[in-house]
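A.B. asks: Input structure: coords-v6.cif, which contains mmCIF, C-alpha atoms.
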```
data_run
loop_
_atom_site.label_atom_id
_atom_site.label_comp_id
_atom_site.auth_asym_id
_atom_site.auth_seq_id
_atom_site.Cartn_x
_atom_site.Cartn_y
_atom_site.Cartn_z
CA MET A 1 197.95 82.08 8.51
CA ARG A 2 198.28 79.68 11.43
CA HIS A 3 200.77 77.60 9.43
CA LEU A 4 202.85 80.72 8.60
CA LEU A 5 202.82 81.89 12.22
CA GLY A 6 203.95 78.48 13.38
CA ARG A 7 206.88 78.52 10.97
CA LEU A 8 207.90 82.03 12.11
CA ILE A 9 207.85 80.99 15.77
CA LYS A 10 209.88 77.88 15.02
CA THR A 11 212.45 79.85 13.04
CA ALA A 12 212.88 82.42 15.80
CA TRP A 13 213.30 79.68 18.38
CA CYS A 14 215.97 77.95 16.31
CA LEU A 15 217.92 81.20 16.00
CA THR A 16 217.96 81.94 19.73
CA VAL A 17 218.31 78.54 21.42
CA VAL A 18 221.83 77.45 22.42
CA PHE A 19 221.37 73.87 21.27
CA THR A 20 221.87 72.37 17.83
CA LEU A 21 218.68 70.50 16.92
CA SER A 22 218.24 68.35 13.84
CA SER A 23 214.56 69.37 13.69
CA CYS A 24 215.65 72.90 12.76
CA GLY A 25 216.81 71.51 9.47
CA GLY A 26 213.41 70.03 8.76
CA GLY A 27 214.09 66.45 9.93
CA SER A 28 211.48 64.43 11.75
CA THR A 29 213.75 63.42 14.67
CA THR A 30 214.72 65.76 17.48
CA THR A 31 218.14 65.49 19.07
CA SER A 32 220.05 68.03 21.09
CA GLU A 33 223.74 68.63 21.64
CA PRO A 34 224.95 71.52 23.78
CA VAL A 35 227.45 74.04 22.47
CA TYR A 36 230.63 74.05 24.59
CA GLN A 37 232.81 77.09 25.02
CA SER A 38 235.87 74.92 25.61
CA CYS A 39 236.64 71.27 24.85
CA VAL A 40 239.63 68.96 25.04
CA LEU A 41 240.93 66.37 22.60
CA ILE A 42 243.25 63.75 24.12
CA ASP A 43 245.62 62.16 21.61
CA ASN A 44 247.45 59.21 23.14
CA ASP A 45 249.02 55.82 22.52
CA TYR A 46 247.69 54.12 25.70
CA ASP A 47 250.72 53.27 27.75
CA ILE A 48 250.33 52.98 31.52
CA ASP A 49 251.01 56.70 32.01
CA ASP A 50 248.36 57.51 29.39
CA MET A 51 245.93 55.38 31.40
CA MET A 52 246.81 57.38 34.51
CA ALA A 53 246.59 60.75 32.73
CA ILE A 54 243.29 60.44 30.86
CA PRO A 55 240.90 60.16 33.85
CA LEU A 56 242.26 63.27 35.59
CA VAL A 57 241.45 65.32 32.46
CA ILE A 58 238.00 63.73 32.17
CA GLY A 59 237.25 64.76 35.74
CA ASN A 60 237.96 68.42 35.13
CA LYS A 61 237.34 69.23 31.46
CA HIS A 62 234.78 68.40 28.79
CA VAL A 63 236.61 65.80 26.71
CA ALA A 64 235.06 65.86 23.25
CA ALA A 65 236.93 62.75 22.06
CA ILE A 66 239.97 60.59 22.70
CA ILE A 67 242.17 59.67 19.74
CA GLN A 68 244.21 56.47 19.69
CA SER A 69 247.48 56.69 17.75
CA GLU A 70 250.11 54.07 17.02
CA GLY A 71 252.91 54.05 19.57
CA TYR A 72 253.18 52.02 22.75
CA THR A 73 250.02 50.27 21.54
CA LEU A 74 248.24 49.91 18.22
CA PRO A 75 244.95 51.85 17.94
CA GLN A 76 242.95 48.82 16.78
CA ALA A 77 243.65 47.14 20.14
CA SER A 78 243.93 50.16 22.44
CA ALA A 79 240.62 51.77 21.44
CA PRO A 80 238.42 48.90 22.72
CA ALA A 81 240.64 48.44 25.79
CA LEU A 82 240.33 52.12 26.74
CA ASP A 83 236.61 52.05 26.00
CA GLN A 84 236.19 49.29 28.58
CA LEU A 85 238.05 51.34 31.17
CA ILE A 86 236.27 54.69 30.83
CA ASN A 87 232.91 53.92 29.20
CA ASN A 88 231.96 50.66 30.89
CA LEU A 89 231.67 51.60 34.56
CA PRO A 90 229.73 48.90 36.45
CA ASP A 91 228.45 51.32 39.11
CA GLN A 92 227.79 54.24 36.73
CA PRO A 93 226.03 52.79 33.67
CA ASN A 94 224.41 56.13 32.74
CA GLN A 95 227.60 58.17 32.55
CA ARG A 96 228.28 60.06 29.32
CA LYS A 97 230.16 57.88 26.86
CA ILE A 98 233.24 59.64 25.53
CA PRO A 99 233.88 58.99 21.82
CA ILE A 100 237.08 57.04 21.19
CA ILE A 101 238.49 57.50 17.69
CA VAL A 102 240.74 54.91 16.07
CA GLY A 103 243.50 57.14 14.77
CA GLY A 104 246.52 56.82 12.55
CA VAL A 105 249.06 54.07 12.01
CA GLN A 106 252.28 54.14 10.05
CA ALA A 107 252.51 52.51 6.64
CA GLN A 108 255.40 50.51 8.08
CA SER A 109 255.98 50.33 11.82
CA PRO A 110 259.55 50.80 13.07
CA ASN A 111 261.79 47.98 14.22
CA LEU A 112 260.58 47.19 17.73
CA SER A 113 263.82 45.53 18.84
CA GLN A 114 265.19 48.89 19.99
CA TRP A 115 262.49 48.89 22.68
CA PRO A 116 262.70 45.36 24.20
CA TRP A 117 260.06 46.16 26.85
CA LEU A 118 257.46 47.32 24.34
CA GLN A 119 255.79 43.96 23.66
CA PHE A 120 255.24 43.43 27.38
CA PHE A 121 253.52 46.77 27.81
CA ARG A 122 251.40 46.21 24.70
CA SER A 123 250.23 42.88 26.05
CA MET A 124 249.29 44.48 29.36
CA MET A 125 247.62 47.57 27.94
CA ASN A 126 245.58 45.60 25.40
CA LEU A 127 243.88 44.25 28.55
CA SER A 128 243.78 47.70 30.18
CA ASN A 129 246.62 46.62 32.47
CA GLY A 130 244.86 43.39 33.35
CA LEU A 131 241.49 44.95 34.17
CA LEU A 132 239.96 42.81 31.40
CA SER A 133 239.94 39.03 31.62
CA SER A 134 240.13 38.60 27.84
CA LEU A 135 241.01 40.67 24.80
CA PRO A 136 238.08 42.68 23.45
CA ALA A 137 237.34 42.52 19.74
CA GLN A 138 239.72 44.73 17.79
CA ALA A 139 238.44 47.91 16.21
CA GLN A 140 238.73 48.58 12.50
CA LEU A 141 241.06 51.16 11.06
CA ASN A 142 239.20 54.04 9.45
CA PRO A 143 241.13 56.27 7.01
CA THR A 144 238.49 59.00 7.47
CA TYR A 145 239.31 59.45 11.18
CA PRO A 146 240.27 63.13 10.65
CA THR A 147 236.63 63.75 9.72
CA GLU A 148 235.56 61.95 12.90
CA VAL A 149 237.73 64.35 14.89
CA THR A 150 236.18 67.32 13.10
CA ASN A 151 232.69 66.03 13.86
CA ALA A 152 233.59 65.40 17.51
CA VAL A 153 234.44 69.08 18.04
CA ALA A 154 231.67 70.50 15.84
CA ASN A 155 229.91 71.97 18.90
CA CYS A 156 233.08 73.26 20.55
CA ASN A 157 233.92 76.93 20.20
CA ALA A 158 237.52 76.32 21.28
CA VAL A 159 239.58 73.14 21.48
CA SER A 160 242.65 72.33 23.57
CA VAL A 161 244.67 69.39 22.28
CA LEU A 162 246.62 67.24 24.74
CA ILE A 163 249.22 65.13 22.92
CA ILE A 164 250.57 62.37 25.16
CA GLY A 165 251.36 59.95 22.35
CA THR A 166 252.88 60.08 18.90
CA TYR A 167 252.13 62.73 16.28
CA THR A 168 250.90 60.13 13.76
CA SER A 169 247.26 61.23 13.92
CA PHE A 170 247.75 64.90 14.81
CA VAL A 171 249.42 65.79 11.52
CA ASN A 172 246.33 64.60 9.64
CA TYR A 173 243.48 66.08 11.69
CA SER A 174 245.00 69.28 13.06
CA PRO A 175 244.77 71.24 9.76
CA LEU A 176 241.00 70.56 9.71
CA ILE A 177 240.40 72.06 13.17
CA ARG A 178 243.26 74.56 13.32
CA SER A 179 240.94 77.57 13.55
CA LYS A 180 239.42 76.15 16.76
CA ILE A 181 242.64 75.18 18.54
CA ASP A 182 243.35 77.53 21.44
CA LYS A 183 246.31 75.60 22.83
CA VAL A 184 248.33 72.43 22.32
CA VAL A 185 249.94 70.77 25.36
CA ILE A 186 252.56 68.15 24.51
CA MET A 187 254.40 65.68 26.70
CA GLY A 188 258.09 65.89 25.82
CA GLN A 189 260.34 68.38 24.14
CA ALA A 190 260.47 69.86 20.68
CA ILE A 191 263.05 68.73 18.15
CA GLY A 192 266.18 70.74 18.91
CA ASP A 193 265.47 71.22 22.62
CA THR A 194 268.58 69.61 24.12
CA SER A 195 268.39 71.39 27.48
CA ARG A 196 267.19 68.38 29.50
CA THR A 197 267.81 65.27 27.37
CA PRO A 198 270.74 66.13 25.07
CA GLY A 199 271.22 63.97 22.03
CA ARG A 200 267.96 62.05 22.01
CA GLU A 201 264.32 62.55 21.15
CA SER A 202 261.41 61.37 23.27
CA PHE A 203 259.79 58.03 22.45
CA ASN A 204 256.68 59.83 21.18
CA CYS A 205 258.79 61.69 18.63
CA ASN A 206 261.28 58.96 17.79
CA TYR A 207 258.66 56.24 17.21
CA ASP A 208 257.28 58.16 14.21
CA PHE A 209 259.97 60.72 13.52
CA THR A 210 258.55 61.72 10.14
CA ALA A 211 255.24 62.74 11.73
CA CYS A 212 257.13 64.49 14.55
CA GLN A 213 259.06 66.58 12.04
CA GLN A 214 255.87 67.46 10.19
CA ALA A 215 254.13 68.39 13.45
CA MET A 216 256.91 70.80 14.40
CA GLY A 217 256.01 72.82 11.29
CA GLN A 218 252.25 72.62 11.88
CA LEU A 219 252.66 73.82 15.47
CA GLN A 220 254.16 77.09 14.30
CA GLY A 221 251.62 79.83 15.00
CA LEU A 222 249.69 77.71 17.52
CA ASN A 223 249.75 78.33 21.26
CA THR A 224 252.00 75.36 22.07
CA PHE A 225 253.39 74.17 25.41
CA PHE A 226 255.94 71.36 25.67
CA VAL A 227 256.00 69.80 29.15
CA ASP A 228 258.62 67.50 30.65
CA ILE A 229 259.94 66.39 34.01
CA PRO A 230 263.47 66.26 35.46
CA ARG A 231 265.49 63.18 34.50
CA PHE A 232 268.06 61.67 36.88
CA ASN A 233 270.29 58.69 36.11
CA ASP A 234 269.73 57.07 39.51
CA CYS A 235 265.96 56.82 38.87
CA HIS A 236 266.40 54.23 36.13
CA ASP A 237 265.74 50.52 36.75
CA THR A 238 265.94 50.54 40.53
CA THR A 239 263.81 48.87 43.18
CA ASN A 240 264.22 51.79 45.54
CA PRO A 241 264.30 55.13 43.68
CA PRO A 242 265.52 58.17 45.60
CA ALA A 243 262.98 60.73 46.80
CA HIS A 244 263.86 63.15 43.97
CA CYS A 245 262.59 60.76 41.24
CA TYR A 246 259.40 61.82 39.46
CA ASN A 247 257.91 58.34 39.51
CA PRO A 248 254.43 57.14 40.47
CA SER A 249 254.09 55.67 43.95
CA TYR A 250 251.91 52.87 45.27
CA GLU A 251 250.51 55.25 47.89
CA MET A 252 249.15 57.76 45.35
CA VAL A 253 246.73 55.06 44.19
CA ALA A 254 246.16 53.00 47.34
CA GLY A 255 246.19 55.97 49.70
CA ASP A 256 248.76 56.65 52.43
CA ASN A 257 251.72 58.88 53.22
CA GLY A 258 249.64 62.05 52.99
CA VAL A 259 248.60 61.50 49.36
CA GLY A 260 245.01 60.32 49.78
CA GLY A 261 244.64 57.71 47.06
CA LEU A 262 241.78 56.99 44.67
CA VAL A 263 238.16 56.51 45.70
CA ASN A 264 236.51 53.19 45.01
CA ARG A 265 233.70 54.60 42.87
CA GLY A 266 233.11 55.48 39.25
CA LEU A 267 236.05 55.97 36.89
CA PRO A 268 238.61 56.53 39.69
CA GLY A 269 237.57 53.22 41.23
CA HIS A 270 237.77 51.46 37.85
CA LEU A 271 241.24 52.90 37.29
CA LYS A 272 242.29 51.83 40.77
CA GLN A 273 241.14 48.30 40.00
CA ALA A 274 243.15 48.30 36.78
CA LEU A 275 246.28 49.51 38.53
CA MET A 276 246.10 47.09 41.46
CA ASN A 277 244.69 43.79 40.19
CA ASP A 278 246.50 40.46 40.53
CA ILE A 279 246.76 39.50 36.87
CA GLN A 280 249.26 36.71 36.29
CA CYS A 281 251.21 38.18 33.41
CA SER A 282 254.66 36.59 33.54
CA SER A 283 253.93 34.95 30.16
CA PHE A 284 254.03 38.46 28.63
CA TYR A 285 257.73 38.84 29.40
CA THR A 286 259.95 38.65 26.34
CA SER A 287 263.47 39.24 27.67
CA PRO A 288 265.39 36.20 29.03
CA GLU A 289 266.30 37.94 32.30
CA THR A 290 262.64 38.42 33.27
CA ILE A 291 261.10 35.13 32.13
CA GLY A 292 259.55 33.36 35.12
CA HIS A 293 259.48 36.41 37.36
CA PRO A 294 256.22 37.10 39.20
CA CYS A 295 253.97 39.69 37.60
CA THR A 296 250.86 41.64 38.54
CA SER A 297 249.39 44.92 37.35
CA LEU A 298 251.91 46.68 39.61
CA SER A 299 254.67 45.53 37.24
CA THR A 300 253.88 48.36 34.83
CA TRP A 301 254.06 51.34 37.19
CA VAL A 302 255.36 50.73 40.74
CA PRO A 303 259.14 51.23 40.49
CA ALA A 304 260.16 48.18 42.50
CA ASP A 305 257.82 45.91 40.52
CA VAL A 306 258.89 47.43 37.18
CA SER A 307 262.55 46.85 38.06
CA THR A 308 262.05 43.20 38.98
CA GLY A 309 259.72 42.63 36.05
CA PRO A 310 260.08 44.17 32.59
CA GLY A 311 262.77 46.60 33.79
CA GLY A 312 263.34 50.19 32.82
CA GLU A 313 262.11 53.53 34.06
CA MET A 314 258.55 54.54 34.86
CA LEU A 315 258.00 58.24 35.50
CA LEU A 316 255.02 60.57 35.63
CA TRP A 317 255.46 61.66 32.02
CA ASP A 318 251.91 61.96 30.65
CA GLU A 319 250.36 62.64 34.05
CA THR A 320 252.51 65.76 34.34
CA ALA A 321 251.47 67.05 30.90
CA ALA A 322 247.83 66.51 31.86
CA LEU A 323 248.40 68.40 35.11
CA PHE A 324 249.86 71.28 33.11
CA LEU A 325 246.64 71.46 31.11
CA LEU A 326 244.73 71.89 34.37
CA HIS A 327 247.26 73.85 36.45
CA PRO A 328 249.70 75.78 34.24
CA GLU A 329 250.38 78.18 37.12
CA ILE A 330 252.48 75.57 38.96
CA PHE A 331 254.90 75.18 36.04
CA SER A 332 257.82 77.27 34.82
CA LEU A 333 260.00 77.43 31.74
CA TYR A 334 263.10 75.31 32.24
CA TYR A 335 266.53 76.92 32.12
CA PRO A 336 269.56 74.68 32.79
CA SER A 337 272.24 75.75 35.23
CA ASP A 338 274.86 75.60 32.48
CA PRO A 339 274.73 79.01 30.74
CA ASN A 340 276.13 77.42 27.57
CA ILE A 341 272.99 75.30 27.13
CA PRO A 342 269.97 77.26 25.84
CA GLY A 343 266.70 76.76 27.69
CA GLY A 344 263.25 78.21 27.90
CA LEU A 345 261.72 75.85 25.35
CA HIS A 346 259.72 73.54 27.62
CA TYR A 347 257.96 73.69 30.98
CA GLU A 348 258.67 71.70 34.14
CA PRO A 349 256.95 71.72 37.55
CA THR A 350 258.06 74.69 39.63
CA LEU A 351 260.05 73.42 42.59
CA VAL A 352 258.28 73.54 45.95
CA ASN A 353 260.69 75.02 48.52
CA GLU A 354 263.53 74.24 46.06
CA SER A 355 262.93 70.54 46.75
CA TYR A 356 262.43 67.87 44.11
CA ALA A 357 261.08 65.49 46.76
CA GLN A 358 258.41 67.94 47.93
CA THR A 359 257.51 68.79 44.35
CA ILE A 360 256.91 65.21 43.27
CA GLN A 361 254.87 64.55 46.40
CA GLU A 362 252.66 67.55 45.59
CA LEU A 363 252.20 66.26 42.02
CA ARG A 364 251.13 62.85 43.30
CA LYS A 365 248.58 64.41 45.63
CA LEU A 366 247.28 66.70 42.89
CA TRP A 367 246.98 63.72 40.53
CA ALA A 368 244.87 61.79 43.06
CA ASP A 369 242.63 64.78 43.83
CA ASP A 370 242.03 65.61 40.16
CA THR A 371 241.46 61.98 39.20
CA ASN A 372 238.87 61.56 41.94
CA ARG A 373 236.83 64.33 40.31
CA ALA A 374 236.24 61.91 37.41
CA GLU A 375 233.72 60.06 39.59
CA HIS A 376 231.13 62.01 37.58
CA ILE A 377 232.11 62.52 33.94
CA GLN A 378 231.39 65.95 32.46
#
```
How does the structure come out when it is put into structure tokens?

C.D. replies:
Amino acid sequence: MRHLLGRLIKTAWCLTVVFTLSSCGGGSTTTSEPVYQSCVLIDNDYDIDDMMAIPLVIGNKHVAAIIQSEGYTLPQASAPALDQLINNLPDQPNQRKIPIIVGGVQAQSPNLSQWPWLQFFRSMMNLSNGLLSSLPAQAQLNPTYPTEVTNAVANCNAVSVLIIGTYTSFVNYSPLIRSKIDKVVIMGQAIGDTSRTPGRESFNCNYDFTACQQAMGQLQGLNTFFVDIPRFNDCHDTTNPPAHCYNPSYEMVAGDNGVGGLVNRGLPGHLKQALMNDIQCSSFYTSPETIGHPCTSLSTWVPADVSTGPGGEMLLWDETAALFLLHPEIFSLYYPSDPNIPGGLHYEPTLVNESYAQTIQELRKLWADDTNRAEHIQ
């Protein structure tokens, strides 16, 4: 009788408690995992803007897992580099460790010569932008990563997916969790949206165009938001970009000019260290015009240092998509001024006082404030 009563009490407890416990299945070990009403999956390819976007989401949402996909970096190298940034905090050793999933790669990678700056950024990001003094051991590819994604969100009632990399992994795991997805936020524009960048696809789409095409079909019926930023020709490869350029600024990290900067603690402090260290990285340059130029971690994101180093354009691409996930109310559907060009297919930041300069300054401040909330990981 006592044994039967004990079993009845245990059964009732298992039915009413809000935790999933292995002991309820009859096992001898007891572990608990809370059930979350809402979770986020971050799917990225770990470029410098991914590095700057991920912590601000971590500080404000429960991130169930981060998925590394082939793109700017290869997932075998980016997964351990990102793990060292977010899960190895010297001053916060007891923080929750966020699962990092080694995602998909292409059977044959594209010809990299069309992106001459790519090898430089891969070399930098494999060291978490110079935060690490040596390359960590590479992770192993795992063809069952879609199951890992499914397991990561097992205790999530709803899942928001933030895609700030290629679609290489998404097309394989999204069908398995489709019933849980409440929204998908994507950096860039859909195939066929020519309202802002006519005639060309984003890097995230173009790098694995087959997966991008497949994803466009899978996204039908899902609550999907494409997010982009204004593009201006005079923002490209310049040491002194005009005020209307949506680029990161040194002050938004270091603190000044009314932005605030990052705190020196926890994940924000670790990110700040990665963005501002003095790594000597000139050996990573591959183009003849940059060989021998000085190089520090600033060479990947501060416009003047990017221009004199690897060259090109560095804008707040992924950071803006992450901010949309947190603050959709400050964005609007984009409609071009030319009535002959259809719009309304992607979102851009709503102009503050009709001023691009004020808008980008507000985004920088919001980025710093949200990133600083990652001092304590949820």

A.B. asks: Care to translate the PyMOL selection byres ((chain A and resi 241) around 12) into actual residues of this file, as a PyMOL selection string?

C.D. replies: chain A and resi 232-240+242-249+302-307+312-315+357

A.B. asks: Can those selected residues be exported to a file as an mmCIF file, in the frame of the given file so that it contains C-alpha atoms?

C.D. replies:
```
data_model
loop_
_atom_site.group_PDB
_atom_site.id
_atom_site.type_symbol
_atom_site.label_atom_id
_atom_site.label_comp_id
_atom_site.auth_asym_id
_atom_site.auth_seq_id
_atom_site.Cartn_x
_atom_site.Cartn_y
_atom_site.Cartn_z
ATOM 1 C CA PHE A 232 268.060 61.670 36.880
ATOM 2 C CA ASN A 233 270.290 58.690 36.110
ATOM 3 C CA ASP A 234 269.730 57.070 39.510
ATOM 4 C CA CYS A 235 265.960 56.820 38.870
ATOM 5 C CA HIS A 236 266.400 54.230 36.130
ATOM 6 C CA ASP A 237 265.740 50.520 36.750
ATOM 7 C CA THR A 238 265.940 50.540 40.530
ATOM 8 C CA THR A 239 263.810 48.870 43.180
ATOM 9 C CA ASN A 240 264.220 51.790 45.540
ATOM 10 C CA PRO A 242 265.520 58.170 45.600
ATOM 11 C CA ALA A 243 262.980 60.730 46.800
ATOM 12 C CA HIS A 244 263.860 63.150 43.970
ATOM 13 C CA CYS A 245 262.590 60.760 41.240
ATOM 14 C CA TYR A 246 259.400 61.820 39.460
ATOM 15 C CA ASN A 247 257.910 58.340 39.510
ATOM 16 C CA PRO A 248 254.430 57.140 40.470
ATOM 17 C CA SER A 249 254.090 55.670 43.950
ATOM 18 C CA VAL A 302 255.360 50.730 40.740
ATOM 19 C CA PRO A 303 259.140 51.230 40.490
ATOM 20 C CA ALA A 304 260.160 48.180 42.500
ATOM 21 C CA ASP A 305 257.820 45.910 40.520
ATOM 22 C CA VAL A 306 258.890 47.430 37.180
ATOM 23 C CA SER A 307 262.550 46.850 38.060
ATOM 24 C CA GLY A 312 263.340 50.190 32.820
ATOM 25 C CA GLU A 313 262.110 53.530 34.060
ATOM 26 C CA MET A 314 258.550 54.540 34.860
ATOM 27 C CA LEU A 315 258.000 58.240 35.500
ATOM 28 C CA ALA A 357 261.080 65.490 46.760
#
```

A.B. asks: Using all atoms listed in the file, determine which residues lie at most 7 Å from Glu375 in chain A, disregarding the query and same-chain residues fewer than 2 positions distant; provide the list as a list in words.

C.D. replies: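 What passes the distance filter is Arg265, Gly266, Leu267, Pro268, Asn372, Arg373 and Ile377 of chain A.
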
A.B. asks: Written as a list in words, what is the full residue list that the PyMOL selection byres ((chain A and resi 150-158) around 7) yields on the file shown?

C.D. replies: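 Against this file, the PyMOL selection byres ((chain A and resi 150-158) around 7) returns the residues Pro34, Val35, Tyr36, Gln37, Ser38, Cys39, Ala64, Ala65, Pro146, Thr147, Glu148, Val149, Val159, Ser160, Leu176, Ile177, Lys180, Ile181 and Asp182 of chain A.
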
A.B. asks: Starting from the shown file, work through the PyMOL selection byres ((chain A and resi 359) around 12) and note down what comes out as a list in words.

C.D. replies: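 Applying the expression gives Ile229, Pro230, Ala243, His244, Cys245, Tyr246, Asn247, Thr320, Ile330, Phe331, Glu348, Pro349, Thr350, Leu351, Val352, Asn353, Glu354, Ser355, Tyr356, Ala357, Gln358, Ile360, Gln361, Glu362, Leu363, Arg364, Lys365 and Leu366 of chain A.
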
A.B. asks: Between CA of Gly103 in chain A and CA of Pro116 in chain A, what is the distance in Å, rounded to a tenth?

C.D. replies: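 Between these atoms lies a distance of 24.4 Å.
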
A.B. asks: Tell me which protein, DNA and RNA residues are within 6 Å of range 209-226 of chain A, counting only C-alpha atoms, leaving out same-chain ones fewer than 4 positions away, and put them as a PDB file with C-alpha atoms, keeping the file's coordinate frame.

C.D. replies:
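As a result, selection_34.pdb now contains:
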```
ATOM      1  CA  TYR A 167     252.130  62.730  16.280  1.00  0.00           C
ATOM      2  CA  THR A 168     250.900  60.130  13.760  1.00  0.00           C
ATOM      3  CA  VAL A 171     249.420  65.790  11.520  1.00  0.00           C
ATOM      4  CA  LYS A 183     246.310  75.600  22.830  1.00  0.00           C
ATOM      5  CA  VAL A 184     248.330  72.430  22.320  1.00  0.00           C
ATOM      6  CA  VAL A 185     249.940  70.770  25.360  1.00  0.00           C
ATOM      7  CA  ILE A 186     252.560  68.150  24.510  1.00  0.00           C
ATOM      8  CA  MET A 187     254.400  65.680  26.700  1.00  0.00           C
ATOM      9  CA  GLY A 188     258.090  65.890  25.820  1.00  0.00           C
ATOM     10  CA  GLN A 189     260.340  68.380  24.140  1.00  0.00           C
ATOM     11  CA  CYS A 205     258.790  61.690  18.630  1.00  0.00           C
ATOM     12  CA  HIS A 346     259.720  73.540  27.620  1.00  0.00           C
TER      13      HIS A 346
END
```

A.B. asks: Which one is closest to Asn172 in chain A: A:Ser69, A:Asn111, A:Gln140, A:Asn126? Count only C-alpha atoms.

C.D. replies: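 Of all the options, A:Ser69 lies closest to Asn172 in chain A.
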
A.B. asks: Find the residue from A:Leu127, A:Ala139, A:Ile67, A:Ala81 that sits nearest to Ile101 in chain A; use only C-alpha atoms when measuring.

C.D. replies: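 Checking each candidate against Ile101 in chain A, we get A:Ile67 as the closest.
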
A.B. asks: For a quick check of your reading of the model, name the residues lying within 9 Å of the coordinate (241.3, 60.2, 38.8), counting all atoms listed in the file, and write them as a PyMOL selection string.

C.D. replies: chain A and resi 52-59+262-263+267-269+271-272+367-375

A.B. asks: For Ala322 in chain A, which residue among A:Val161, A:Leu82, A:Ala254, A:Leu298 is the nearest when counting all atoms listed in the file?

C.D. replies: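 The shortest atom-to-atom distance to Ala322 in chain A comes from A:Val161.
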
A.B. asks: Residues at most 9 Å from Gln138 in chain A, counting all atoms listed in the file, excluding those fewer than 3 positions away in the same chain, as a PyMOL selection string?

C.D. replies: chain A and resi 75-81+135

A.B. asks: From the set A:Pro143, A:Tyr207, A:Pro198, A:Pro93, which residue has the shortest atom-to-atom contact distance to Gln108 in chain A, counting all atoms listed in the file?

C.D. replies: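 Residue with the minimum atom-to-atom distance to Gln108 in chain A: A:Tyr207.
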
A.B. asks: Name the closest residue to Ile100 in chain A among the candidates A:Ser337, A:Thr296, A:Gln84, A:Ser174; distances are taken between atoms, counting all atoms listed in the file.

C.D. replies: A:Gln84

A.B. asks: Could you please determine the separation between CA of Trp301 in chain A and CA of Met252 in chain A in Å, to one decimal place?

C.D. replies: 11.5 Å

A.B. asks: Between CA of Asn129 in chain A and CA of Thr73 in chain A, measure the distance and give it in Å to one decimal.

C.D. replies: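 Between CA of Asn129 in chain A and CA of Thr73 in chain A the gap works out to 12.0 Å.
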
A.B. asks: Need the shell around range 343-345 of chain A: protein/DNA/RNA residues with any atom at most 9 Å away, counting only C-alpha atoms. Skip same-chain ones fewer than 4 positions apart. Format as number ranges by chain?

C.D. replies: A: 189-190, 193-196, 225-226, 332-336, 339
